$ cat input-v6.cif   # mmCIF, C-alpha atoms, pLDDT in the B column; chains and numbers go by the auth columns
data_run
loop_
_atom_site.group_PDB
_atom_site.id
_atom_site.type_symbol
_atom_site.label_atom_id
_atom_site.label_comp_id
_atom_site.label_asym_id
_atom_site.label_seq_id
_atom_site.Cartn_x
_atom_site.Cartn_y
_atom_site.Cartn_z
_atom_site.B_iso_or_equiv
_atom_site.auth_seq_id
_atom_site.auth_asym_id
ATOM 1 C CA MET A 1 -26.660 -96.534 48.767 46.00 111 A
ATOM 2 C CA THR A 2 -26.012 -96.404 45.028 47.00 112 A
ATOM 3 C CA GLY A 3 -28.572 -97.040 42.349 47.00 113 A
ATOM 4 C CA SER A 4 -27.113 -100.494 41.629 45.00 114 A
ATOM 5 C CA GLU A 5 -27.504 -101.677 45.218 54.00 115 A
ATOM 6 C CA ALA A 6 -30.591 -103.580 46.338 47.00 116 A
ATOM 7 C CA PRO A 7 -32.861 -101.653 48.715 51.00 117 A
ATOM 8 C CA SER A 8 -32.394 -102.396 52.412 89.00 118 A
ATOM 9 C CA THR A 9 -34.770 -104.915 53.971 95.00 119 A
ATOM 10 C CA PHE A 10 -35.545 -105.752 57.578 97.00 120 A
ATOM 11 C CA ARG A 11 -36.746 -109.337 58.051 98.00 121 A
ATOM 12 C CA LEU A 12 -39.103 -109.986 60.963 98.00 122 A
ATOM 13 C CA ALA A 13 -40.116 -113.523 61.896 98.00 123 A
ATOM 14 C CA TYR A 14 -43.307 -114.011 63.907 98.00 124 A
ATOM 15 C CA VAL A 15 -45.034 -116.962 65.498 98.00 125 A
ATOM 16 C CA PRO A 16 -48.724 -117.933 65.167 97.00 126 A
ATOM 17 C CA GLY A 17 -50.920 -115.649 67.239 96.00 127 A
ATOM 18 C CA ALA A 18 -48.518 -112.699 67.124 96.00 128 A
ATOM 19 C CA THR A 19 -49.889 -109.574 65.446 94.00 129 A
ATOM 20 C CA PRO A 20 -47.080 -107.251 64.306 96.00 130 A
ATOM 21 C CA GLY A 21 -49.330 -105.130 62.071 95.00 131 A
ATOM 22 C CA LYS A 22 -49.230 -101.988 64.256 95.00 132 A
ATOM 23 C CA TRP A 23 -45.442 -101.991 64.406 96.00 133 A
ATOM 24 C CA VAL A 24 -45.178 -102.657 60.675 97.00 134 A
ATOM 25 C CA ARG A 25 -47.325 -99.583 59.926 97.00 135 A
ATOM 26 C CA ILE A 26 -45.134 -97.387 62.117 97.00 136 A
ATOM 27 C CA TRP A 27 -42.008 -98.816 60.462 97.00 137 A
ATOM 28 C CA ASN A 28 -43.342 -97.990 56.993 96.00 138 A
ATOM 29 C CA GLU A 29 -44.065 -94.428 58.105 95.00 139 A
ATOM 30 C CA ARG A 30 -40.654 -93.849 59.671 95.00 140 A
ATOM 31 C CA LEU A 31 -38.423 -95.822 57.314 95.00 141 A
ATOM 32 C CA PRO A 32 -40.136 -95.787 53.912 95.00 142 A
ATOM 33 C CA ASP A 33 -36.858 -96.614 52.157 95.00 143 A
ATOM 34 C CA VAL A 34 -36.343 -99.846 54.133 96.00 144 A
ATOM 35 C CA SER A 35 -38.898 -102.543 53.375 96.00 145 A
ATOM 36 C CA LEU A 36 -40.038 -104.771 56.236 97.00 146 A
ATOM 37 C CA SER A 37 -40.421 -108.399 55.250 97.00 147 A
ATOM 38 C CA LEU A 38 -42.644 -110.616 57.440 98.00 148 A
ATOM 39 C CA LEU A 39 -41.701 -114.264 57.858 98.00 149 A
ATOM 40 C CA PRO A 40 -44.271 -116.559 59.537 97.00 150 A
ATOM 41 C CA VAL A 41 -42.618 -119.358 61.536 98.00 151 A
ATOM 42 C CA THR A 42 -43.778 -121.958 64.022 96.00 152 A
ATOM 43 C CA ALA A 43 -42.922 -121.455 67.678 96.00 153 A
ATOM 44 C CA ALA A 44 -40.576 -124.437 67.525 95.00 154 A
ATOM 45 C CA GLU A 45 -38.574 -123.250 64.523 96.00 155 A
ATOM 46 C CA ALA A 46 -38.316 -119.552 65.442 97.00 156 A
ATOM 47 C CA SER A 47 -35.003 -119.904 67.317 97.00 157 A
ATOM 48 C CA ASP A 48 -33.349 -121.821 64.471 97.00 158 A
ATOM 49 C CA VAL A 49 -34.477 -119.242 61.916 98.00 159 A
ATOM 50 C CA LEU A 50 -32.945 -116.399 63.965 98.00 160 A
ATOM 51 C CA ARG A 51 -29.790 -118.339 64.785 97.00 161 A
ATOM 52 C CA ASP A 52 -29.194 -119.227 61.132 96.00 162 A
ATOM 53 C CA GLY A 53 -29.696 -115.632 59.939 96.00 163 A
ATOM 54 C CA GLY A 54 -33.028 -116.258 58.234 97.00 164 A
ATOM 55 C CA ALA A 55 -34.479 -113.212 59.991 98.00 165 A
ATOM 56 C CA ASP A 56 -33.050 -110.121 61.676 97.00 166 A
ATOM 57 C CA ALA A 57 -35.421 -110.316 64.649 98.00 167 A
ATOM 58 C CA GLY A 58 -38.518 -112.213 65.655 98.00 168 A
ATOM 59 C CA ILE A 59 -41.658 -112.012 67.728 98.00 169 A
ATOM 60 C CA VAL A 60 -41.327 -115.330 69.531 98.00 170 A
ATOM 61 C CA ARG A 61 -42.681 -117.272 72.473 98.00 171 A
ATOM 62 C CA LEU A 62 -40.628 -117.482 75.631 97.00 172 A
ATOM 63 C CA PRO A 63 -38.382 -118.990 76.800 95.00 173 A
ATOM 64 C CA VAL A 64 -35.432 -118.377 74.482 95.00 174 A
ATOM 65 C CA ASP A 65 -31.766 -119.256 74.921 96.00 175 A
ATOM 66 C CA ARG A 66 -30.367 -116.134 76.621 95.00 176 A
ATOM 67 C CA THR A 67 -26.796 -117.219 75.877 96.00 177 A
ATOM 68 C CA VAL A 68 -27.550 -116.717 72.175 96.00 178 A
ATOM 69 C CA PHE A 69 -30.415 -114.234 72.006 98.00 179 A
ATOM 70 C CA SER A 70 -31.325 -110.889 73.472 97.00 180 A
ATOM 71 C CA ALA A 71 -35.034 -110.565 74.225 97.00 181 A
ATOM 72 C CA ILE A 72 -37.499 -107.899 75.299 97.00 182 A
ATOM 73 C CA PRO A 73 -40.657 -109.371 76.877 97.00 183 A
ATOM 74 C CA LEU A 74 -43.735 -107.809 75.283 97.00 184 A
ATOM 75 C CA TYR A 75 -46.715 -109.361 77.046 96.00 185 A
ATOM 76 C CA THR A 76 -48.015 -112.514 78.726 97.00 186 A
ATOM 77 C CA GLU A 77 -51.107 -114.114 77.256 97.00 187 A
ATOM 78 C CA THR A 78 -54.218 -115.332 79.030 97.00 188 A
ATOM 79 C CA THR A 79 -54.697 -119.085 78.721 98.00 189 A
ATOM 80 C CA VAL A 80 -58.156 -120.252 77.640 98.00 190 A
ATOM 81 C CA VAL A 81 -59.912 -123.548 77.115 98.00 191 A
ATOM 82 C CA VAL A 82 -61.571 -124.032 73.718 98.00 192 A
ATOM 83 C CA VAL A 83 -64.862 -125.937 73.781 98.00 193 A
ATOM 84 C CA PRO A 84 -67.974 -126.440 71.645 98.00 194 A
ATOM 85 C CA LYS A 85 -70.590 -123.720 72.099 97.00 195 A
ATOM 86 C CA ASP A 86 -73.031 -126.142 73.724 96.00 196 A
ATOM 87 C CA HIS A 87 -70.476 -127.461 76.252 97.00 197 A
ATOM 88 C CA LEU A 88 -71.301 -127.262 79.985 96.00 198 A
ATOM 89 C CA ILE A 89 -68.153 -125.192 80.560 96.00 199 A
ATOM 90 C CA THR A 90 -69.728 -122.261 78.727 96.00 200 A
ATOM 91 C CA ALA A 91 -72.074 -121.745 81.688 96.00 201 A
ATOM 92 C CA ALA A 92 -69.119 -120.341 83.675 96.00 202 A
ATOM 93 C CA ASP A 93 -67.271 -117.066 83.099 96.00 203 A
ATOM 94 C CA GLU A 94 -63.948 -118.758 83.852 97.00 204 A
ATOM 95 C CA VAL A 95 -62.767 -122.238 84.749 97.00 205 A
ATOM 96 C CA THR A 96 -59.923 -123.918 86.644 97.00 206 A
ATOM 97 C CA VAL A 97 -57.714 -126.844 85.819 96.00 207 A
ATOM 98 C CA GLU A 98 -59.685 -128.913 88.315 96.00 208 A
ATOM 99 C CA ASP A 99 -62.848 -128.262 86.286 96.00 209 A
ATOM 100 C CA LEU A 100 -61.217 -130.170 83.425 97.00 210 A
ATOM 101 C CA ALA A 101 -60.486 -133.290 85.489 96.00 211 A
ATOM 102 C CA ASP A 102 -63.139 -135.388 83.718 96.00 212 A
ATOM 103 C CA GLU A 103 -62.550 -133.911 80.247 97.00 213 A
ATOM 104 C CA VAL A 104 -60.394 -135.293 77.452 97.00 214 A
ATOM 105 C CA VAL A 105 -57.841 -132.491 77.100 97.00 215 A
ATOM 106 C CA LEU A 106 -56.022 -132.471 73.772 97.00 216 A
ATOM 107 C CA HIS A 107 -52.279 -131.847 73.941 97.00 217 A
ATOM 108 C CA PRO A 108 -50.901 -131.062 70.448 97.00 218 A
ATOM 109 C CA LEU A 109 -47.244 -131.611 69.601 96.00 219 A
ATOM 110 C CA ASP A 110 -46.800 -127.874 68.985 96.00 220 A
ATOM 111 C CA ASP A 111 -48.146 -126.960 72.447 97.00 221 A
ATOM 112 C CA VAL A 112 -46.602 -123.705 73.766 96.00 222 A
ATOM 113 C CA LEU A 113 -47.820 -123.796 77.379 96.00 223 A
ATOM 114 C CA GLY A 114 -45.146 -126.163 78.668 92.00 224 A
ATOM 115 C CA TRP A 115 -47.336 -128.260 80.936 93.00 225 A
ATOM 116 C CA GLU A 116 -45.508 -130.396 83.474 90.00 226 A
ATOM 117 C CA ARG A 117 -48.591 -132.572 83.413 91.00 227 A
ATOM 118 C CA PRO A 118 -51.530 -131.647 81.173 91.00 228 A
ATOM 119 C CA PRO A 119 -54.895 -131.595 82.968 94.00 229 A
ATOM 120 C CA GLY A 120 -57.812 -133.935 82.413 95.00 230 A
ATOM 121 C CA GLU A 121 -57.800 -137.255 80.610 94.00 231 A
ATOM 122 C CA PRO A 122 -55.275 -137.750 77.785 92.00 232 A
ATOM 123 C CA ALA A 123 -56.510 -138.349 74.255 92.00 233 A
ATOM 124 C CA PHE A 124 -55.753 -141.599 72.457 92.00 234 A
ATOM 125 C CA GLU A 125 -52.960 -139.798 70.587 94.00 235 A
ATOM 126 C CA ARG A 126 -51.570 -136.294 70.448 95.00 236 A
ATOM 127 C CA PRO A 127 -52.650 -134.119 67.496 97.00 237 A
ATOM 128 C CA ALA A 128 -49.761 -132.926 65.322 97.00 238 A
ATOM 129 C CA THR A 129 -50.742 -129.256 65.429 97.00 239 A
ATOM 130 C CA THR A 130 -52.995 -126.828 67.265 97.00 240 A
ATOM 131 C CA ALA A 131 -55.081 -126.512 64.093 97.00 241 A
ATOM 132 C CA ASP A 132 -55.645 -130.289 64.129 98.00 242 A
ATOM 133 C CA ALA A 133 -56.605 -130.153 67.804 98.00 243 A
ATOM 134 C CA VAL A 134 -59.196 -127.437 67.081 98.00 244 A
ATOM 135 C CA GLU A 135 -60.778 -129.696 64.460 98.00 245 A
ATOM 136 C CA LEU A 136 -61.024 -132.472 67.047 97.00 246 A
ATOM 137 C CA VAL A 137 -62.672 -130.094 69.537 98.00 247 A
ATOM 138 C CA ALA A 138 -65.252 -129.216 66.863 97.00 248 A
ATOM 139 C CA ALA A 139 -65.846 -132.971 66.378 97.00 249 A
ATOM 140 C CA GLY A 140 -66.618 -133.336 70.094 96.00 250 A
ATOM 141 C CA ILE A 141 -63.548 -135.444 70.871 96.00 251 A
ATOM 142 C CA GLY A 142 -62.109 -133.222 73.597 97.00 252 A
ATOM 143 C CA VAL A 143 -61.238 -129.715 74.737 98.00 253 A
ATOM 144 C CA LEU A 144 -58.081 -127.683 74.187 98.00 254 A
ATOM 145 C CA ALA A 145 -56.059 -125.285 76.378 98.00 255 A
ATOM 146 C CA VAL A 146 -54.149 -122.621 74.410 98.00 256 A
ATOM 147 C CA PRO A 147 -53.048 -118.972 74.635 98.00 257 A
ATOM 148 C CA GLN A 148 -55.960 -116.682 73.800 98.00 258 A
ATOM 149 C CA SER A 149 -54.353 -115.443 70.572 98.00 259 A
ATOM 150 C CA LEU A 150 -54.317 -118.994 69.197 98.00 260 A
ATOM 151 C CA ALA A 151 -57.975 -119.473 70.104 98.00 261 A
ATOM 152 C CA ARG A 152 -58.730 -116.324 68.119 97.00 262 A
ATOM 153 C CA LEU A 153 -56.480 -117.383 65.246 97.00 263 A
ATOM 154 C CA HIS A 154 -58.347 -120.697 64.886 97.00 264 A
ATOM 155 C CA HIS A 155 -61.791 -119.248 65.550 95.00 265 A
ATOM 156 C CA ARG A 156 -64.805 -121.225 64.407 96.00 266 A
ATOM 157 C CA LYS A 157 -68.484 -120.312 64.672 97.00 267 A
ATOM 158 C CA ASP A 158 -69.280 -123.566 66.461 97.00 268 A
ATOM 159 C CA LEU A 159 -66.569 -123.098 69.118 98.00 269 A
ATOM 160 C CA THR A 160 -65.977 -120.685 71.968 98.00 270 A
ATOM 161 C CA TYR A 161 -63.549 -120.380 74.866 98.00 271 A
ATOM 162 C CA ARG A 162 -63.303 -119.469 78.548 98.00 272 A
ATOM 163 C CA PRO A 163 -60.316 -118.204 80.600 98.00 273 A
ATOM 164 C CA LEU A 164 -58.412 -121.001 82.368 98.00 274 A
ATOM 165 C CA VAL A 165 -57.301 -119.099 85.436 96.00 275 A
ATOM 166 C CA ASP A 166 -54.702 -121.381 87.037 95.00 276 A
ATOM 167 C CA ALA A 167 -53.008 -122.750 83.916 96.00 277 A
ATOM 168 C CA PRO A 168 -49.472 -121.986 82.686 96.00 278 A
ATOM 169 C CA GLN A 169 -49.254 -118.883 80.503 97.00 279 A
ATOM 170 C CA SER A 170 -47.251 -118.088 77.390 97.00 280 A
ATOM 171 C CA GLY A 171 -45.014 -115.028 77.216 97.00 281 A
ATOM 172 C CA VAL A 172 -44.277 -113.263 73.933 98.00 282 A
ATOM 173 C CA ALA A 173 -41.035 -111.384 73.293 98.00 283 A
ATOM 174 C CA LEU A 174 -39.036 -109.580 70.643 98.00 284 A
ATOM 175 C CA ALA A 175 -35.782 -111.500 70.200 98.00 285 A
ATOM 176 C CA TRP A 176 -32.666 -111.231 68.049 98.00 286 A
ATOM 177 C CA PRO A 177 -29.161 -112.792 68.048 97.00 287 A
ATOM 178 C CA GLU A 178 -26.863 -110.968 70.482 95.00 288 A
ATOM 179 C CA ASP A 179 -24.088 -110.774 67.880 96.00 289 A
ATOM 180 C CA ALA A 180 -26.410 -109.217 65.273 95.00 290 A
ATOM 181 C CA HIS A 181 -27.690 -106.100 67.049 96.00 291 A
ATOM 182 C CA THR A 182 -27.810 -103.837 63.994 95.00 292 A
ATOM 183 C CA ASP A 183 -29.092 -100.288 63.556 95.00 293 A
ATOM 184 C CA LEU A 184 -32.259 -101.652 61.951 96.00 294 A
ATOM 185 C CA VAL A 185 -32.826 -103.946 64.937 97.00 295 A
ATOM 186 C CA GLU A 186 -32.445 -100.904 67.194 96.00 296 A
ATOM 187 C CA ASP A 187 -34.961 -99.028 65.044 96.00 297 A
ATOM 188 C CA PHE A 188 -37.503 -101.806 65.504 97.00 298 A
ATOM 189 C CA ILE A 189 -36.824 -101.956 69.249 97.00 299 A
ATOM 190 C CA GLY A 190 -37.566 -98.244 69.410 96.00 300 A
ATOM 191 C CA ILE A 191 -40.890 -98.731 67.635 97.00 301 A
ATOM 192 C CA VAL A 192 -41.900 -101.630 69.876 96.00 302 A
ATOM 193 C CA ARG A 193 -40.986 -99.657 72.988 94.00 303 A
ATOM 194 C CA GLY A 194 -42.924 -96.625 71.819 92.00 304 A
ATOM 195 C CA ARG A 195 -40.004 -94.260 71.350 90.00 305 A
ATOM 196 C CA THR A 196 -40.778 -91.128 69.411 84.00 306 A
ATOM 197 C CA VAL A 197 -39.345 -90.481 65.985 78.00 307 A
ATOM 198 C CA ASN A 198 -36.957 -87.900 67.500 73.00 308 A
ATOM 199 C CA SER A 199 -35.436 -90.331 70.000 67.00 309 A
ATOM 200 C CA THR A 200 -31.638 -90.423 69.710 50.00 310 A
ATOM 201 C CA ARG A 201 -31.086 -93.704 71.544 55.00 311 A
ATOM 202 C CA GLY A 202 -29.101 -96.206 69.556 45.00 312 A
ATOM 203 C CA ARG A 203 -28.998 -94.311 66.282 56.00 313 A
ATOM 204 C CA THR A 204 -27.008 -91.404 64.913 43.00 314 A
ATOM 205 C CA GLN A 205 -29.410 -88.598 64.201 50.00 315 A
ATOM 206 C CA PRO A 206 -28.819 -86.085 61.387 48.00 316 A
ATOM 207 C CA GLU A 207 -27.004 -82.985 62.526 47.00 317 A
ATOM 208 C CA THR A 208 -29.082 -79.879 63.105 48.00 318 A
ATOM 209 C CA PRO A 209 -28.007 -77.060 60.755 51.00 319 A
ATOM 210 C CA PRO A 210 -26.017 -74.415 62.694 50.00 320 A
ATOM 211 C CA LYS A 211 -27.840 -71.230 63.479 51.00 321 A
ATOM 212 C CA ASP A 212 -26.796 -67.970 61.846 51.00 322 A
ATOM 213 C CA LYS A 213 -24.690 -66.439 64.599 48.00 323 A
ATOM 214 C CA ARG A 214 -24.670 -63.052 62.908 51.00 324 A
ATOM 215 C CA GLY A 215 -28.438 -63.019 62.745 47.00 325 A
ATOM 216 C CA THR A 216 -28.617 -64.076 66.388 48.00 326 A
ATOM 217 C CA GLU A 217 -26.134 -61.412 67.470 48.00 327 A
ATOM 218 C CA SER A 218 -27.885 -58.759 65.399 46.00 328 A
ATOM 219 C CA ALA A 219 -31.162 -59.666 66.991 49.00 329 A
ATOM 220 C CA ALA A 220 -29.489 -59.558 70.412 49.00 330 A
ATOM 221 C CA ARG A 221 -28.143 -56.085 69.665 51.00 331 A
ATOM 222 C CA ARG A 222 -31.489 -54.897 68.370 52.00 332 A
ATOM 223 C CA LYS A 223 -33.365 -55.965 71.471 51.00 333 A
ATOM 224 C CA PRO A 224 -31.483 -53.630 73.907 52.00 334 A
ATOM 225 C CA ALA A 225 -31.700 -50.830 71.348 50.00 335 A
ATOM 226 C CA ALA A 226 -35.404 -51.328 71.084 48.00 336 A
ATOM 227 C CA LYS A 227 -35.718 -51.327 74.847 49.00 337 A
ATOM 228 C CA GLN A 228 -33.604 -48.163 75.084 51.00 338 A
ATOM 229 C CA ALA A 229 -35.713 -46.455 72.436 48.00 339 A
ATOM 230 C CA SER A 230 -38.782 -47.512 74.309 48.00 340 A
ATOM 231 C CA ARG A 231 -37.427 -46.088 77.546 50.00 341 A
ATOM 232 C CA SER A 232 -36.393 -42.857 75.777 48.00 342 A
ATOM 233 C CA GLY A 233 -39.804 -42.458 74.250 49.00 343 A
ATOM 234 C CA THR A 234 -41.413 -42.975 77.626 47.00 344 A
ATOM 235 C CA ALA A 235 -39.075 -40.526 79.315 46.00 345 A
ATOM 236 C CA LYS A 236 -39.576 -37.848 76.678 49.00 346 A
ATOM 237 C CA GLY A 237 -43.273 -38.329 76.584 47.00 347 A
ATOM 238 C CA ALA A 238 -43.763 -38.409 80.357 47.00 348 A
ATOM 239 C CA PRO A 239 -43.397 -34.654 81.056 48.00 349 A
ATOM 240 C CA ARG A 240 -45.790 -33.843 78.230 50.00 350 A
ATOM 241 C CA GLY A 241 -48.638 -35.981 79.442 47.00 351 A
ATOM 242 C CA GLY A 242 -47.740 -36.719 83.075 46.00 352 A
ATOM 243 C CA ALA A 243 -49.012 -34.930 86.160 45.00 353 A
ATOM 244 C CA LYS A 244 -45.535 -33.857 87.270 46.00 354 A
ATOM 245 C CA GLY A 245 -44.712 -32.376 83.864 47.00 355 A
ATOM 246 C CA SER A 246 -47.945 -30.330 83.926 45.00 356 A
ATOM 247 C CA ALA A 247 -47.277 -29.054 87.431 45.00 357 A
ATOM 248 C CA ARG A 248 -43.690 -28.057 86.650 48.00 358 A
ATOM 249 C CA GLY A 249 -44.731 -26.397 83.419 47.00 359 A
ATOM 250 C CA THR A 250 -47.427 -24.395 85.226 45.00 360 A
ATOM 251 C CA ALA A 251 -45.075 -23.296 88.019 45.00 361 A
ATOM 252 C CA LYS A 252 -42.343 -22.274 85.598 47.00 362 A
ATOM 253 C CA GLY A 253 -44.814 -20.345 83.495 47.00 363 A
ATOM 254 C CA ALA A 254 -46.102 -18.545 86.603 46.00 364 A
ATOM 255 C CA ARG A 255 -42.625 -17.309 87.550 50.00 365 A
ATOM 256 C CA ARG A 256 -41.954 -15.941 84.096 52.00 366 A
ATOM 257 C CA GLY A 257 -45.223 -14.004 84.009 51.00 367 A
ATOM 258 C CA LYS A 258 -44.795 -12.206 87.440 51.00 368 A
ATOM 259 C CA PRO A 259 -43.877 -8.453 87.118 51.00 369 A
ATOM 260 C CA ARG A 260 -40.722 -7.202 88.830 54.00 370 A
ATOM 261 C CA ARG A 261 -40.815 -4.450 91.448 52.00 371 A
ATOM 262 C CA ARG A 262 -38.780 -1.329 90.767 50.00 372 A
ATOM 263 C CA SER A 263 -36.566 -0.073 93.550 44.00 373 A
#
$ encode --input "input-v6.cif" --output "structure tokens"
Amino acid sequence: MTGSEAPSTFRLAYVPGATPGKWVRIWNERLPDVSLSLLPVTAAEASDVLRDGGADAGIVRLPVDRTVFSAIPLYTETTVVVVPKDHLITAADEVTVEDLADEVVLHPLDDVLGWERPPGEPAFERPATTADAVELVAAGIGVLAVPQSLARLHHRKDLTYRPLVDAPQSGVALAWPEDAHTDLVEDFIGIVRGRTVNSTRGRTQPETPPKDKRGTESAARRKPAAKQASRSGTAKGAPRGGAKGSARGTAKGARRGKPRRRS
């Protein structure tokens, strides 16, 4: 990259409830020269943004069109029912769809659970957004079933929620256009999948400087020499201090000191 070129940027779209902060921090540590730009999108518009090139990848809600996008499922969310804090449902640790049979269950237009038939009694009209539905729950007009992350996103002090154990669930995935699988996309995949910084998958790693062969060979030559010197020192020193050397020296000295007989 020359000084006149704009710095590289990786654009990541994400839907409400998704929390990419951890991955963004790792990205900034590993690729400080490539800025990561976050683009909040609704669940409904995420596919169009990726398809039109408005983002390089996105944290989206499943399903996605697998003829256009590649996707890596990340997790499946628990579904909860949002109710006022003084609602009878709060007496239970978890509830079922059947428990909502007599409740007005709000079904916003941006619902992400994909109900075949929403539980309970329908409201007079569908709220436009999940945020609008939460306001209606606070007003005592009904209850709302959503993924847990959306209940947390729209948290209010006067509301709470309980797990809805037999409801549809929402899966979250990392997705990108199949024909736009770039090196930066691969870098982000590696971060999401927990690859280490030294992983070579999908990217060309910098070459390791060649080792100094002469230094290696010299060291290899020195090692046997050192061993030989060590053996020599042991061999030379053994007779001086060893038991055999003392015995031989004593015997040899005894022969030299014995007087000869004259014939």
$ closest_residue --input "input-v6.cif" --among "A:Ala233, A:Val192, A:Ala249, A:Leu149" --to "Glu204 of chain A" --atoms "all atoms listed in the file"
A:Val192
$ atom_distance --input "input-v6.cif" --atom1 "atom CA of Gly300 of chain A" --atom2 "atom CA of Arg135 of chain A"
13.7 Å
$ closest_residue --input "input-v6.cif" --among "A:Pro194, A:Ala123, A:Pro228, A:Val144" --to "Gly164 of chain A" --atoms "only C-alpha atoms"
A:Ala123
$ resolve_selection --input "input-v6.cif" --expression "the PyMOL selection byres ((chain A and resi 240) around 8)" --output "ChimeraX atom specification"
/A:218-221,237-239,241-244
$ atom_distance --input "input-v6.cif" --atom1 "atom CA of Val190 of chain A" --atom2 "atom CA of Val134 of chain A"
27.7 Å
$ resolve_selection --input "input-v6.cif" --expression "the PyMOL selection byres ((chain A and resi 177-189) around 10)" --output "VMD selection string"
chain A and resid 157 160 to 161 167 to 176 190 to 192 223 255 to 261 271 to 291 299 302 to 303
$ residues_around --input "input-v6.cif" --residues "Ile251 of chain A" --least-positions-apart "4" --cutoff "8 Å" --atoms "only C-alpha atoms" --output "PDB file with C-alpha atoms, in the frame of the given file"
ATOM      1  CA  VAL A 214     -60.394-135.293  77.452  1.00 97.00           C
ATOM      2  CA  LEU A 246     -61.024-132.472  67.047  1.00 97.00           C
ATOM      3  CA  VAL A 247     -62.672-130.094  69.537  1.00 98.00           C
TER       4      VAL A 247
END
$ closest_residue --input "input-v6.cif" --among "A:Lys132, A:His217, A:Arg140, A:Arg266" --to "Leu294 of chain A" --atoms "all atoms listed in the file"
A:Arg140
$ atom_distance --input "input-v6.cif" --atom1 "atom CA of His265 of chain A" --atom2 "atom CA of Ala201 of chain A"
19.3 Å
$ resolve_selection --input "input-v6.cif" --expression "the PyMOL selection byres ((chain A and resi 141) around 12)" --output "ChimeraX atom specification"
/A:117-120,133-140,142-146,294,297-298,301,307
$ axis_aligned_box --input "input-v6.cif" --around "segment 198-206 of chain A" --padding-each-side "4 Å" --output "JSON"
{"center_x": -66.0, "center_y": -122.2, "center_z": 82.7, "size_x": 20.2, "size_y": 18.2, "size_z": 15.9}
$ build_atoms --input "input-v6.cif" --residues "segment 136-147 of chain A" --atoms "N, CA, C and O atoms" --output "JSON list (two decimals), in the frame of the given file"
[["chain", "number", "residue", "atom", "x", "y", "z"],
["A", 136, "ILE", "N", -46.01, -98.45, 61.63],
["A", 136, "ILE", "CA", -45.13, -97.39, 62.12],
["A", 136, "ILE", "C", -43.79, -97.45, 61.40],
["A", 136, "ILE", "O", -43.23, -96.41, 61.04],
["A", 137, "TRP", "N", -43.28, -98.65, 61.19],
["A", 137, "TRP", "CA", -42.01, -98.82, 60.46],
["A", 137, "TRP", "C", -42.12, -98.20, 59.07],
["A", 137, "TRP", "O", -41.23, -97.46, 58.63],
["A", 138, "ASN", "N", -43.18, -98.50, 58.36],
["A", 138, "ASN", "CA", -43.34, -97.99, 56.99],
["A", 138, "ASN", "C", -43.44, -96.46, 56.96],
["A", 138, "ASN", "O", -43.03, -95.83, 55.98],
["A", 139, "GLU", "N", -43.98, -95.88, 58.03],
["A", 139, "GLU", "CA", -44.06, -94.43, 58.10],
["A", 139, "GLU", "C", -42.70, -93.80, 58.38],
["A", 139, "GLU", "O", -42.36, -92.77, 57.81],
["A", 140, "ARG", "N", -41.93, -94.44, 59.25],
["A", 140, "ARG", "CA", -40.65, -93.85, 59.67],
["A", 140, "ARG", "C", -39.50, -94.19, 58.74],
["A", 140, "ARG", "O", -38.58, -93.40, 58.59],
["A", 141, "LEU", "N", -39.52, -95.38, 58.18],
["A", 141, "LEU", "CA", -38.42, -95.82, 57.31],
["A", 141, "LEU", "C", -38.97, -96.29, 55.97],
["A", 141, "LEU", "O", -38.92, -97.48, 55.64],
["A", 142, "PRO", "N", -39.52, -95.39, 55.18],
["A", 142, "PRO", "CA", -40.14, -95.79, 53.91],
["A", 142, "PRO", "C", -39.15, -96.37, 52.91],
["A", 142, "PRO", "O", -39.56, -97.06, 51.98],
["A", 143, "ASP", "N", -37.86, -96.10, 53.10],
["A", 143, "ASP", "CA", -36.86, -96.61, 52.16],
["A", 143, "ASP", "C", -36.34, -98.00, 52.54],
["A", 143, "ASP", "O", -35.51, -98.57, 51.81],
["A", 144, "VAL", "N", -36.78, -98.52, 53.68],
["A", 144, "VAL", "CA", -36.34, -99.85, 54.13],
["A", 144, "VAL", "C", -37.58, -100.74, 54.24],
["A", 144, "VAL", "O", -38.40, -100.55, 55.13],
["A", 145, "SER", "N", -37.72, -101.68, 53.35],
["A", 145, "SER", "CA", -38.90, -102.54, 53.38],
["A", 145, "SER", "C", -38.82, -103.52, 54.55],
["A", 145, "SER", "O", -37.74, -103.98, 54.92],
["A", 146, "LEU", "N", -39.96, -103.81, 55.14],
["A", 146, "LEU", "CA", -40.04, -104.77, 56.24],
["A", 146, "LEU", "C", -40.70, -106.04, 55.71],
["A", 146, "LEU", "O", -41.84, -106.01, 55.25],
["A", 147, "SER", "N", -39.94, -107.12, 55.76],
["A", 147, "SER", "CA", -40.42, -108.40, 55.25],
["A", 147, "SER", "C", -40.86, -109.29, 56.41],
["A", 147, "SER", "O", -40.07, -109.54, 57.33]]
